[in-house]
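Enquirer: Got a structure for you, structure-v5.csv, holding CSV, C-alpha atoms and all ligand atoms.
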```csv
chain,number,residue,atom,x,y,z
A,223,MET,CA,2.6,-23.9,35.3
A,224,THR,CA,5.1,-23.9,32.5
A,225,THR,CA,3.7,-24.5,29.0
A,226,PRO,CA,6.1,-25.5,26.2
A,227,SER,CA,5.5,-22.1,24.4
A,228,ARG,CA,6.6,-20.3,27.4
A,229,GLN,CA,10.1,-21.5,26.8
A,230,LEU,CA,10.2,-19.6,23.6
A,231,ARG,CA,9.5,-16.3,25.4
A,232,PHE,CA,12.2,-13.9,26.3
A,233,SER,CA,12.3,-10.8,28.5
A,234,SER,CA,14.7,-8.8,26.2
A,235,VAL,CA,17.1,-9.1,23.3
A,236,ALA,CA,19.9,-9.4,25.9
A,237,ASP,CA,18.1,-12.4,27.3
A,238,VAL,CA,18.0,-13.9,23.8
A,239,ILE,CA,21.7,-13.5,23.5
A,240,GLN,CA,22.5,-14.9,26.9
A,241,ARG,CA,20.3,-18.0,26.5
A,242,LEU,CA,20.8,-18.8,22.8
A,243,ASN,CA,24.2,-17.3,22.0
A,244,PRO,CA,23.0,-17.3,18.4
A,245,SER,CA,25.5,-17.6,15.6
A,246,TYR,CA,22.4,-17.6,13.3
A,247,PRO,CA,20.0,-14.7,12.7
A,248,VAL,CA,17.0,-14.3,15.1
A,249,PHE,CA,13.8,-12.6,14.2
A,250,CYS,CA,12.4,-10.9,17.3
A,251,VAL,CA,8.7,-10.3,17.7
A,252,PHE,CA,7.4,-8.0,20.4
A,253,PRO,CA,3.7,-8.9,20.9
A,254,ASP,CA,3.0,-6.2,23.4
A,255,ILE,CA,4.1,-3.5,20.9
A,256,LEU,CA,2.0,-5.1,18.1
A,257,ARG,CA,-1.0,-5.2,20.4
A,258,ALA,CA,-0.6,-1.5,21.3
A,259,ARG,CA,-0.2,-0.5,17.6
A,260,ALA,CA,-3.3,-2.5,16.7
A,261,ARG,CA,-5.3,-1.0,19.5
A,262,ALA,CA,-4.3,2.6,18.6
A,263,PHE,CA,-5.1,2.1,14.9
A,264,VAL,CA,-8.5,0.5,15.6
A,265,GLU,CA,-9.4,3.3,18.1
A,266,GLY,CA,-8.1,6.1,15.9
A,267,PHE,CA,-9.2,5.2,12.4
A,268,PRO,CA,-12.8,6.3,11.6
A,269,GLY,CA,-13.8,2.9,10.2
A,270,THR,CA,-13.0,-0.8,10.0
A,271,VAL,CA,-9.3,-1.8,10.1
A,272,LEU,CA,-8.0,-4.7,7.9
A,273,TYR,CA,-4.5,-5.9,8.4
A,274,ALA,CA,-2.6,-6.3,5.1
A,275,THR,CA,-1.4,-9.9,5.8
A,276,LYS,CA,1.5,-9.8,3.2
A,277,CYS,CA,3.3,-7.3,5.3
A,278,ASN,CA,4.2,-9.9,7.9
A,279,PRO,CA,2.2,-13.1,7.9
A,280,HIS,CA,4.0,-14.8,10.8
A,281,PRO,CA,1.5,-16.4,13.2
A,282,TYR,CA,3.0,-14.6,16.3
A,283,VAL,CA,2.3,-11.3,14.5
A,284,LEU,CA,-1.2,-12.2,13.3
A,285,LYS,CA,-2.2,-13.4,16.7
A,286,ALA,CA,-0.9,-10.3,18.5
A,287,LEU,CA,-2.7,-8.0,16.1
A,288,ALA,CA,-5.9,-10.0,16.6
A,289,GLU,CA,-5.5,-9.6,20.4
A,290,GLY,CA,-5.1,-5.9,19.8
A,291,GLY,CA,-8.6,-5.8,18.1
A,292,ILE,CA,-8.0,-6.5,14.4
A,293,GLU,CA,-10.7,-8.8,13.2
A,294,HIS,CA,-10.5,-8.2,9.4
A,295,PHE,CA,-7.7,-9.2,7.1
A,296,ASP,CA,-6.6,-8.1,3.6
A,297,THR,CA,-5.4,-11.4,2.0
A,298,ALA,CA,-4.1,-12.0,-1.5
A,299,SER,CA,-3.6,-15.8,-1.7
A,300,ILE,CA,-5.1,-19.0,-0.5
A,301,SER,CA,-2.0,-19.5,1.8
A,302,GLU,CA,-2.7,-16.2,3.5
A,303,ILE,CA,-6.4,-16.9,3.8
A,304,ALA,CA,-5.7,-20.4,5.2
A,305,LYS,CA,-3.2,-19.1,7.7
A,306,VAL,CA,-5.5,-16.3,9.0
A,307,THR,CA,-8.5,-18.6,9.2
A,308,GLU,CA,-6.7,-21.4,11.0
A,309,LEU,CA,-5.4,-19.0,13.7
A,310,MET,CA,-8.6,-16.9,14.0
A,311,PRO,CA,-11.7,-18.8,12.8
A,312,GLU,CA,-13.9,-15.8,13.3
A,313,ALA,CA,-11.7,-13.4,11.2
A,314,HIS,CA,-13.2,-11.9,8.1
A,315,CYS,CA,-10.8,-12.2,5.0
A,316,TYR,CA,-11.1,-10.0,1.9
A,317,PHE,CA,-9.7,-11.3,-1.4
A,318,ASN,CA,-7.9,-8.1,-2.3
A,319,HIS,CA,-5.7,-9.2,-5.1
A,320,PRO,CA,-6.9,-7.8,-8.5
A,321,VAL,CA,-5.7,-10.9,-10.4
A,322,LYS,CA,-6.8,-14.3,-9.1
A,323,GLY,CA,-6.4,-17.8,-10.4
A,324,ARG,CA,-9.6,-19.8,-10.9
A,325,GLY,CA,-8.5,-22.5,-8.5
A,326,ALA,CA,-7.8,-19.9,-5.8
A,327,LEU,CA,-11.2,-18.3,-6.4
A,328,GLU,CA,-12.9,-21.6,-6.1
A,329,ALA,CA,-11.2,-22.3,-2.8
A,330,ALA,CA,-11.9,-18.8,-1.5
A,331,ALA,CA,-15.6,-19.0,-2.4
A,332,ASP,CA,-16.4,-22.7,-1.7
A,333,VAL,CA,-14.0,-23.6,1.1
A,334,TYR,CA,-13.5,-20.3,3.0
A,335,GLY,CA,-16.8,-18.5,2.1
A,336,LEU,CA,-15.2,-15.2,1.2
A,337,THR,CA,-17.6,-12.5,0.0
A,338,ASP,CA,-15.4,-9.6,-0.9
A,339,TYR,CA,-13.3,-9.5,-4.1
A,340,VAL,CA,-11.2,-6.8,-5.7
A,341,VAL,CA,-11.2,-6.3,-9.4
A,342,ASP,CA,-9.7,-3.7,-11.7
A,343,HIS,CA,-10.7,-5.1,-15.2
A,344,LEU,CA,-13.9,-6.3,-16.9
A,345,ASP,CA,-12.4,-9.8,-17.6
A,346,GLU,CA,-11.5,-10.3,-13.9
A,347,LEU,CA,-15.1,-9.3,-13.0
A,348,ASP,CA,-16.4,-12.0,-15.5
A,349,LYS,CA,-14.0,-14.5,-14.0
A,350,VAL,CA,-14.9,-13.8,-10.3
A,351,ILE,CA,-18.6,-14.0,-11.1
A,352,SER,CA,-18.3,-17.2,-13.1
A,353,VAL,CA,-16.6,-18.9,-10.1
A,354,ALA,CA,-18.0,-17.1,-7.0
A,355,GLY,CA,-21.5,-16.1,-8.3
A,356,THR,CA,-23.1,-12.8,-7.7
A,357,ASP,CA,-23.9,-12.9,-4.0
A,358,ILE,CA,-20.7,-11.1,-3.3
A,359,THR,CA,-19.2,-7.6,-3.0
A,360,ILE,CA,-17.1,-6.4,-5.9
A,361,GLU,CA,-14.5,-3.9,-4.8
A,362,VAL,CA,-13.4,-1.9,-7.7
A,363,ARG,CA,-9.8,-0.7,-7.3
A,364,ILE,CA,-9.0,2.7,-8.7
A,365,ALA,CA,-5.5,3.8,-9.8
A,366,THR,CA,-4.3,6.9,-7.8
A,367,PRO,CA,-1.5,9.4,-8.5
A,368,LYS,CA,1.8,8.4,-6.9
A,369,GLY,CA,2.4,11.5,-4.9
A,370,LYS,CA,4.8,11.3,-2.0
A,371,ALA,CA,4.8,7.6,-1.4
A,372,VAL,CA,8.1,5.6,-1.3
A,373,TYR,CA,6.5,2.8,-3.3
A,374,ASP,CA,3.9,3.3,-6.1
A,375,LEU,CA,1.2,0.7,-5.9
A,376,SER,CA,-0.9,2.0,-8.9
A,377,ALA,CA,1.8,1.3,-11.6
A,378,LYS,CA,0.6,-2.3,-11.7
A,379,PHE,CA,-2.9,-2.4,-10.4
A,380,GLY,CA,-5.9,-0.1,-10.4
A,381,ALA,CA,-8.5,1.0,-13.1
A,382,PRO,CA,-8.4,4.5,-14.5
A,383,PRO,CA,-11.5,6.4,-13.2
A,384,ASP,CA,-13.7,6.0,-16.4
A,385,GLU,CA,-13.1,2.3,-16.4
A,386,ALA,CA,-13.8,2.1,-12.7
A,387,VAL,CA,-17.2,3.7,-13.4
A,388,THR,CA,-17.9,1.1,-16.1
A,389,LEU,CA,-16.8,-1.7,-13.7
A,390,LEU,CA,-19.1,-0.5,-10.9
A,391,LYS,CA,-22.1,-0.2,-13.2
A,392,GLU,CA,-21.4,-3.6,-14.7
A,393,ALA,CA,-21.0,-5.4,-11.3
A,394,ARG,CA,-24.2,-3.8,-10.1
A,395,LYS,CA,-26.1,-4.8,-13.3
A,396,ARG,CA,-25.1,-8.4,-12.8
A,397,GLY,CA,-26.5,-8.4,-9.3
A,398,CYS,CA,-23.4,-7.9,-7.1
A,399,ARG,CA,-23.0,-5.6,-4.3
A,400,THR,CA,-20.4,-2.9,-5.0
A,401,ALA,CA,-17.6,-1.0,-3.2
A,402,LEU,CA,-14.5,1.1,-4.1
A,403,ALA,CA,-10.9,0.7,-3.1
A,404,PHE,CA,-7.6,2.5,-3.7
A,405,HIS,CA,-4.0,2.4,-2.4
A,406,VAL,CA,-2.1,5.6,-2.3
A,407,GLY,CA,1.3,3.8,-2.3
A,408,SER,CA,3.4,2.4,0.6
A,409,GLN,CA,5.1,4.6,3.1
A,410,CYS,CA,3.0,7.6,2.0
A,411,LEU,CA,4.5,10.7,3.6
A,412,ASP,CA,1.7,13.0,2.7
A,413,PRO,CA,-1.7,12.7,4.5
A,414,ASP,CA,-3.3,14.8,1.9
A,415,ALA,CA,-2.8,12.0,-0.7
A,416,PHE,CA,-5.7,10.3,1.1
A,417,ARG,CA,-8.0,13.3,0.6
A,418,VAL,CA,-7.0,13.5,-3.1
A,419,ALA,CA,-7.8,9.8,-3.6
A,420,MET,CA,-11.0,10.0,-1.7
A,421,SER,CA,-12.2,12.9,-3.8
A,422,LEU,CA,-11.4,10.8,-6.9
A,423,ALA,CA,-13.3,7.9,-5.5
A,424,LYS,CA,-16.3,10.2,-4.7
A,425,ARG,CA,-16.3,11.4,-8.4
A,426,VAL,CA,-16.2,7.8,-9.7
A,427,SER,CA,-19.0,6.8,-7.3
A,428,ASP,CA,-21.2,9.8,-8.3
A,429,GLU,CA,-20.8,9.1,-11.9
A,430,ALA,CA,-21.5,5.4,-11.6
A,431,ASN,CA,-24.5,6.2,-9.4
A,432,VAL,CA,-24.6,2.7,-7.7
A,433,PRO,CA,-25.0,2.1,-4.0
A,434,LEU,CA,-21.6,1.4,-2.3
A,435,GLU,CA,-21.1,-1.0,0.6
A,436,TYR,CA,-17.9,0.8,1.7
A,437,LEU,CA,-14.9,2.8,0.6
A,438,ASP,CA,-11.6,1.1,1.3
A,439,VAL,CA,-8.8,3.7,1.6
A,440,GLY,CA,-6.1,1.0,1.5
A,441,GLY,CA,-2.8,1.1,3.2
A,442,GLY,CA,0.2,3.3,2.9
A,443,PHE,CA,0.2,4.7,6.5
A,444,PRO,CA,3.9,5.2,7.2
A,445,ALA,CA,6.3,3.9,9.8
A,446,ILE,CA,8.9,6.1,11.4
A,447,TYR,CA,12.2,5.1,9.8
A,448,LYS,CA,14.2,8.1,11.0
A,449,MET,CA,12.5,10.1,8.3
A,450,ASN,CA,10.3,13.1,9.0
A,451,VAL,CA,7.1,11.3,9.2
A,452,PRO,CA,3.7,12.9,10.1
A,453,PRO,CA,1.9,11.1,13.0
A,454,LEU,CA,-0.9,8.7,12.2
A,455,ARG,CA,-3.3,11.1,13.9
A,456,ASP,CA,-2.8,13.5,11.0
A,457,TYR,CA,-3.8,10.8,8.5
A,458,PHE,CA,-6.9,9.9,10.5
A,459,ASP,CA,-7.9,13.6,10.8
A,460,VAL,CA,-7.5,14.2,7.1
A,461,ILE,CA,-9.5,11.1,6.2
A,462,GLU,CA,-12.3,11.9,8.7
A,463,LYS,CA,-12.5,15.5,7.5
A,464,ALA,CA,-12.5,14.5,3.8
A,465,LYS,CA,-15.3,12.0,4.5
A,466,ALA,CA,-17.4,14.8,5.9
A,467,ASP,CA,-16.4,17.5,3.4
A,468,LEU,CA,-17.0,15.3,0.4
A,469,GLY,CA,-20.2,13.9,1.7
A,470,ILE,CA,-19.1,10.3,1.7
A,471,GLY,CA,-21.9,8.5,3.5
A,472,VAL,CA,-20.6,5.0,3.3
A,473,PRO,CA,-18.5,3.2,5.9
A,474,LEU,CA,-14.7,3.4,5.5
A,475,LEU,CA,-12.2,0.5,5.5
A,476,ALA,CA,-8.4,0.8,5.8
A,477,GLU,CA,-5.7,-1.8,5.1
A,478,PRO,CA,-2.6,-0.8,7.0
A,479,GLY,CA,0.4,-3.1,6.9
A,480,ARG,CA,3.6,-1.3,7.7
A,481,ALA,CA,2.2,1.2,10.2
A,482,LEU,CA,0.9,-1.7,12.4
A,483,VAL,CA,3.9,-3.9,12.5
A,484,ALA,CA,7.2,-2.0,11.6
A,485,ASP,CA,8.3,-1.2,15.1
A,486,GLY,CA,7.0,-4.5,16.6
A,487,CYS,CA,9.9,-6.7,15.3
A,488,SER,CA,13.6,-6.5,15.0
A,489,VAL,CA,16.3,-8.7,13.4
A,490,LEU,CA,19.2,-9.8,15.5
A,491,THR,CA,22.3,-10.6,13.3
A,492,GLN,CA,25.8,-11.6,14.1
A,493,VAL,CA,29.1,-10.3,12.7
A,494,HIS,CA,31.0,-13.2,11.2
A,495,LEU,CA,34.0,-11.3,9.9
A,496,ARG,CA,35.3,-7.8,9.9
A,497,LYS,CA,37.6,-6.5,7.1
A,498,GLY,CA,38.5,-2.9,7.9
A,499,ASP,CA,35.2,-1.0,7.7
A,500,ASP,CA,33.3,-3.8,6.1
A,501,LEU,CA,31.2,-6.1,8.3
A,502,TYR,CA,30.0,-9.5,7.1
A,503,ILE,CA,26.8,-10.5,8.9
A,504,ASN,CA,24.4,-13.5,8.7
A,505,ASP,CA,21.3,-11.8,7.2
A,506,GLY,CA,21.0,-9.6,4.1
A,507,ILE,CA,19.0,-8.5,1.1
A,508,TYR,CA,17.9,-12.0,0.2
A,509,GLY,CA,16.8,-12.6,3.7
A,510,CYS,CA,14.9,-10.2,6.0
A,511,LEU,CA,16.8,-7.0,5.1
A,512,SER,CA,15.8,-6.5,1.4
A,513,GLU,CA,13.7,-3.4,2.1
A,514,ILE,CA,16.7,-1.5,3.5
A,515,ARG,CA,18.1,-1.5,0.0
A,516,ASP,CA,14.8,-1.4,-2.1
A,517,GLY,CA,13.1,1.2,0.0
A,518,ASP,CA,16.3,3.1,0.9
A,519,LEU,CA,15.3,2.7,4.5
A,520,ASP,CA,17.6,3.8,7.3
A,521,PRO,CA,16.5,1.7,10.3
A,522,PRO,CA,18.0,2.2,13.7
A,523,VAL,CA,20.8,-0.2,14.5
A,524,ARG,CA,22.7,-1.1,17.7
A,525,ALA,CA,25.7,-3.3,18.4
A,526,VAL,CA,25.6,-5.8,21.3
A,527,SER,CA,28.5,-7.7,22.7
A,528,ARG,CA,28.5,-11.3,24.1
A,529,SER,CA,27.8,-10.0,27.6
A,530,GLY,CA,24.6,-8.4,26.3
A,531,GLU,CA,26.2,-5.0,26.8
A,532,ALA,CA,26.5,-2.3,24.1
A,533,VAL,CA,29.8,-2.5,22.2
A,534,SER,CA,32.2,0.3,23.2
A,535,GLY,CA,33.9,2.9,21.0
A,536,GLU,CA,33.1,6.0,19.1
A,537,SER,CA,30.6,5.5,16.4
A,538,ARG,CA,31.8,5.4,12.8
A,539,PRO,CA,30.4,4.4,9.4
A,540,PHE,CA,30.5,0.7,8.3
A,541,ARG,CA,29.5,-1.1,5.1
A,542,ILE,CA,27.4,-4.2,5.8
A,543,PHE,CA,27.5,-7.3,3.6
A,544,GLY,CA,24.9,-10.1,3.8
A,545,PRO,CA,25.8,-13.8,3.9
A,546,THR,CA,25.1,-14.9,0.2
A,547,CYS,CA,27.9,-15.2,-2.4
A,548,ASP,CA,26.2,-12.5,-4.5
A,549,SER,CA,28.1,-9.1,-4.6
A,550,LEU,CA,24.7,-7.4,-4.7
A,551,ASP,CA,24.1,-8.7,-1.2
A,552,VAL,CA,25.2,-5.5,0.5
A,553,LEU,CA,23.3,-2.7,2.4
A,554,LYS,CA,23.9,0.4,0.5
A,555,LEU,CA,23.8,2.9,3.3
A,556,PRO,CA,26.7,3.4,5.7
A,557,PHE,CA,25.7,2.2,9.2
A,558,HIS,CA,27.0,4.0,12.2
A,559,LEU,CA,28.3,1.5,14.7
A,560,PRO,CA,30.9,1.5,17.5
A,561,GLU,CA,34.5,1.3,16.2
A,562,ASP,CA,35.3,-1.7,18.5
A,563,ILE,CA,32.7,-3.9,16.8
A,564,GLY,CA,34.1,-7.3,15.6
A,565,GLU,CA,33.5,-11.0,15.0
A,566,GLY,CA,31.0,-12.5,17.4
A,567,ASP,CA,29.2,-9.2,18.3
A,568,TRP,CA,25.6,-8.8,17.3
A,569,ILE,CA,23.9,-6.1,15.3
A,570,GLU,CA,20.2,-5.5,16.0
A,571,PHE,CA,18.2,-3.8,13.2
A,572,GLY,CA,15.1,-2.1,14.6
A,573,LEU,CA,11.8,-1.3,12.8
A,574,MET,CA,12.0,-4.6,10.9
A,575,GLY,CA,8.4,-5.8,11.3
A,576,ALA,CA,7.3,-4.9,7.7
A,577,TYR,CA,8.2,-6.7,4.5
A,578,SER,CA,11.0,-8.6,6.2
A,579,ILE,CA,10.4,-12.2,7.2
A,580,GLY,CA,7.7,-12.6,4.6
A,581,MET,CA,10.1,-11.7,1.8
A,582,GLN,CA,13.0,-14.1,2.4
A,583,THR,CA,14.2,-16.1,-0.6
A,584,GLY,CA,16.3,-18.8,1.1
A,585,PHE,CA,18.9,-18.1,-1.6
A,586,ASN,CA,22.3,-19.9,-1.0
A,587,GLY,CA,20.8,-21.8,2.0
A,588,PHE,CA,20.6,-18.7,4.2
A,589,VAL,CA,17.3,-18.2,5.9
A,590,THR,CA,16.2,-16.6,9.2
A,591,ASP,CA,14.0,-19.3,10.7
A,592,THR,CA,14.5,-18.8,14.5
A,593,ILE,CA,11.6,-16.6,15.6
A,594,VAL,CA,11.3,-15.6,19.2
A,595,ARG,CA,8.8,-13.6,21.2
A,596,ILE,CA,10.0,-10.9,23.6
A,597,ASP,CA,7.7,-9.6,26.3
A,598,GLY,CA,7.4,-5.9,27.0
A,599,MET,CA,8.3,-2.8,25.0
A,600,HIS,CA,11.6,-2.5,23.3
A,601,GLU,CA,13.9,-0.7,25.8
A,602,GLU,CA,16.7,0.3,23.5
A,603,PHE,CA,14.8,1.5,20.4
A,604,VAL,CA,12.3,4.1,21.6
A,605,PHE,CA,10.5,6.2,19.0
B,701,LIG,C1,0.6,-4.0,0.4
B,701,LIG,C2,-0.9,-3.6,0.4
B,701,LIG,C3,-1.4,-3.0,1.6
B,701,LIG,C4,-0.5,-2.6,2.8
B,701,LIG,O1,0.3,-1.5,2.5
B,701,LIG,P1,1.2,-0.8,3.6
B,701,LIG,O2,1.9,0.3,2.8
B,701,LIG,O3,2.1,-1.8,4.2
B,701,LIG,O4,0.3,-0.1,4.6
B,701,LIG,C5,-2.7,-2.7,1.7
B,701,LIG,N1,-3.5,-3.0,0.6
B,701,LIG,C6,-3.1,-3.6,-0.5
B,701,LIG,C7,-4.1,-3.9,-1.6
B,701,LIG,C8,-1.7,-3.9,-0.6
B,701,LIG,O5,-1.3,-4.4,-1.8
```
Could you show the structure in this file as structure tokens?
Expert:
Amino acid sequence: MTTPSRQLRFSSVADVIQRLNPSYPVFCVFPDILRARARAFVEGFPGTVLYATKCNPHPYVLKALAEGGIEHFDTASISEIAKVTELMPEAHCYFNHPVKGRGALEAAADVYGLTDYVVDHLDELDKVISVAGTDITIEVRIATPKGKAVYDLSAKFGAPPDEAVTLLKEARKRGCRTALAFHVGSQCLDPDAFRVAMSLAKRVSDEANVPLEYLDVGGGFPAIYKMNVPPLRDYFDVIEKAKADLGIGVPLLAEPGRALVADGCSVLTQVHLRKGDDLYINDGIYGCLSEIRDGDLDPPVRAVSRSGEAVSGESRPFRIFGPTCDSLDVLKLPFHLPEDIGEGDWIEFGLMGAYSIGMQTGFNGFVTDTIVRIDGMHEEFVF
């Protein structure tokens, strides 16, 4: 029997091109890849895995991860909590934003019944307790050293260790359950950063001397953007060993975003004009491709012609411009594409699952709002 949603499913990117002939950008989701990544993380990580919803909140992505065994979600806003809860009523959401509005706290506590709240300041602890009461778990977020991560996530949030000790003691004194959390930074290329942060967490916990419900080691697990990236197994081994060596007796949580979704989606764009070695395409830094500039990412790209075949010609460097009128809308890196590429050909950007569709601005009226599901693994981008 054919269901309406089946019509939105494709067998490959070539199938998308043949059936849609899209002059608009298309965001391609590969649920089979997402399910496989989720399963591998859940099986490999020595603890509970929360998906960091902000990384890609599209329902196709959330659903595939849930089917792969993810039952817990790191959420930062009521919109994220609502989306996860609507799709997966049994899911467990954690309110892991260290700064929350009172209205959002009320909705989280009273409507959605959340029980886990991150804080990194005494005033936030007061606020959370005044709205949500004390029958909750207060997760104190500690600031960690930046190390070898591409993005530092402790420059804005996280309490210094001595303040974290005070926060834990205070939360406990007021009758809350307590837990600890950190984030080593996104796209963290050094597994040892987790050991260093875990030993800091252990020191804080010993000094506070309160019982912990769990230690949340955050996200930061890397995706393989052509960089020399250690395999996830190395991270899991370091974390498991550090837990044993440091004598951490409480359950672990992790909040991966990027590592779960990066290679499970791609962005299919079209060349609308070629001027010499400059290509003007229909997605850019105000759309799904902002991270290529901000994170200096070098994702795999390939050119596809109208027939669905690869474009011919020797590969050479091109500069790529996005569709908005802003001169900043350019991808800094040279992209190596076949010399015969021209108007009407497509460029597919691989490894675009993370921080892409969720970060679009809609500036200048350009937005990637055609999202398709493609069955099977990605045949052209193999990592
Ligand atoms: C963004 C974020 C994550 C996910 O980080 P990745 O680098 O994508 O794994 C996890 N936890 C928190 C609190 C975050 O802000």
Enquirer: Give me, please, the distance in Å between CA of Ala298 (chain A) and CA of Leu511 (chain A), quoted to one decimal.
Expert: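 The value is 22.5 Å.
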Enquirer: Could you list, as a ChimeraX atom specification, all protein and nucleic acid residues with an atom at most 6 Å from ligand LIG 701 (chain B), counting only C-alpha atoms and all ligand atoms?
Expert: /A:274,277,318,408-409,440-443,477-480
Enquirer: Give as a ChimeraX atom specification each residue that has an atom at most 6 Å from (-17.9, 11.8, -3.6) in the file, counting only C-alpha atoms.
Expert: /A:421,424-425,468,470
Enquirer: Could you state the separation of CA of Leu437 (chain A) and CA of Lys322 (chain A) in Å, given to one decimal place?
Expert: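 These atoms are spaced 21.3 Å apart.
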Enquirer: Need to verify the contact set: Gln240 (chain A), 9 Å, all atoms listed in the file, exclusion of same-chain residues closer than 3 positions in sequence. Can you return it as a count of residues only?
Expert: 8
Enquirer: Separation of CA of Val306 (chain A) and CA of Ala423 (chain A), in Å?
Expert: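 Distance between the two atoms: 29.3 Å.
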Enquirer: Please identify all polymer residues within 10 Å of region 391-395 of chain A, counting only C-alpha atoms, omitting same-chain residues fewer than 5 positions from it, and present them as a ChimeraX atom specification.
Expert: /A:344,347-348,351,356,358-362,385-386,400-401,427,429-434
Enquirer: Compare A:Gly486, A:Gly544, A:Gly335, A:Pro444 by their minimum atom-to-atom distance to Arg257 (chain A), counting only C-alpha atoms, and give me the closest one.
Expert: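 Closest to Arg257 (chain A), using only C-alpha atoms: A:Gly486.
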Enquirer: Smallest atom-to-atom distance to Gly575 (chain A): which of A:Asn278, A:Ser234, A:Ser245, A:Thr546, using all atoms listed in the file?
Expert: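 Going through A:Asn278, A:Ser234, A:Ser245, A:Thr546 one by one, the smallest distance to Gly575 (chain A) is for A:Asn278.
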Enquirer: Pick out the closest residue to Ala262 (chain A) from this set: A:Ala331, A:Ile364, A:Ala481, A:Val523. Count all atoms listed in the file.
Expert: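 Nearest to Ala262 (chain A): A:Ala481.
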Enquirer: Just checking: using all atoms listed in the file, which residue out of A:Glu328, A:Asp520, A:Asp597, A:Glu435 ends up closest to Ala403 (chain A)?
Expert: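 The shortest atom-to-atom distance to Ala403 (chain A) comes from A:Glu435.
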Enquirer: Neighbours of Asp516 (chain A) within 10 Å (all atoms listed in the file; same-chain residues fewer than 6 positions away dropped), as a list in words?
Expert: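 My reading of the contact set: Val372, Tyr373, Ile507, Leu553 and Lys554 of chain A.
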Enquirer: Choose the residue, out of A:Val387, A:Arg417, A:Pro452, A:Lys349, that has the smallest atom-to-atom separation from Ala466 (chain A); count all atoms listed in the file.
Expert: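 Comparing A:Val387, A:Arg417, A:Pro452, A:Lys349 against Ala466 (chain A), the winner is A:Arg417.
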Enquirer: What lies within 12 Å of Asn504 (chain A) using all atoms listed in the file, ignoring chain neighbours under 3 positions off, as a PyMOL selection string?
Expert: chain A and resi 244-249+489-495+501+507-511+542-547+551-552+565-570+586-590
Enquirer: Select, from A:Leu336, A:Ala260, A:Ala329, A:Val353, the residue with the minimum atom-to-atom distance to Lys285 (chain A), counting all atoms listed in the file.
Expert: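 Answer, going by the shortest atom-to-atom distance: A:Ala260.
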Enquirer: Could you list, as JSON, numbers by chain, every residue within 7 Å of Cys315 (chain A), counting only C-alpha atoms and ignoring same-chain residues fewer than 5 positions away?
Expert: {"A": [294, 295, 296, 297, 303, 336]}
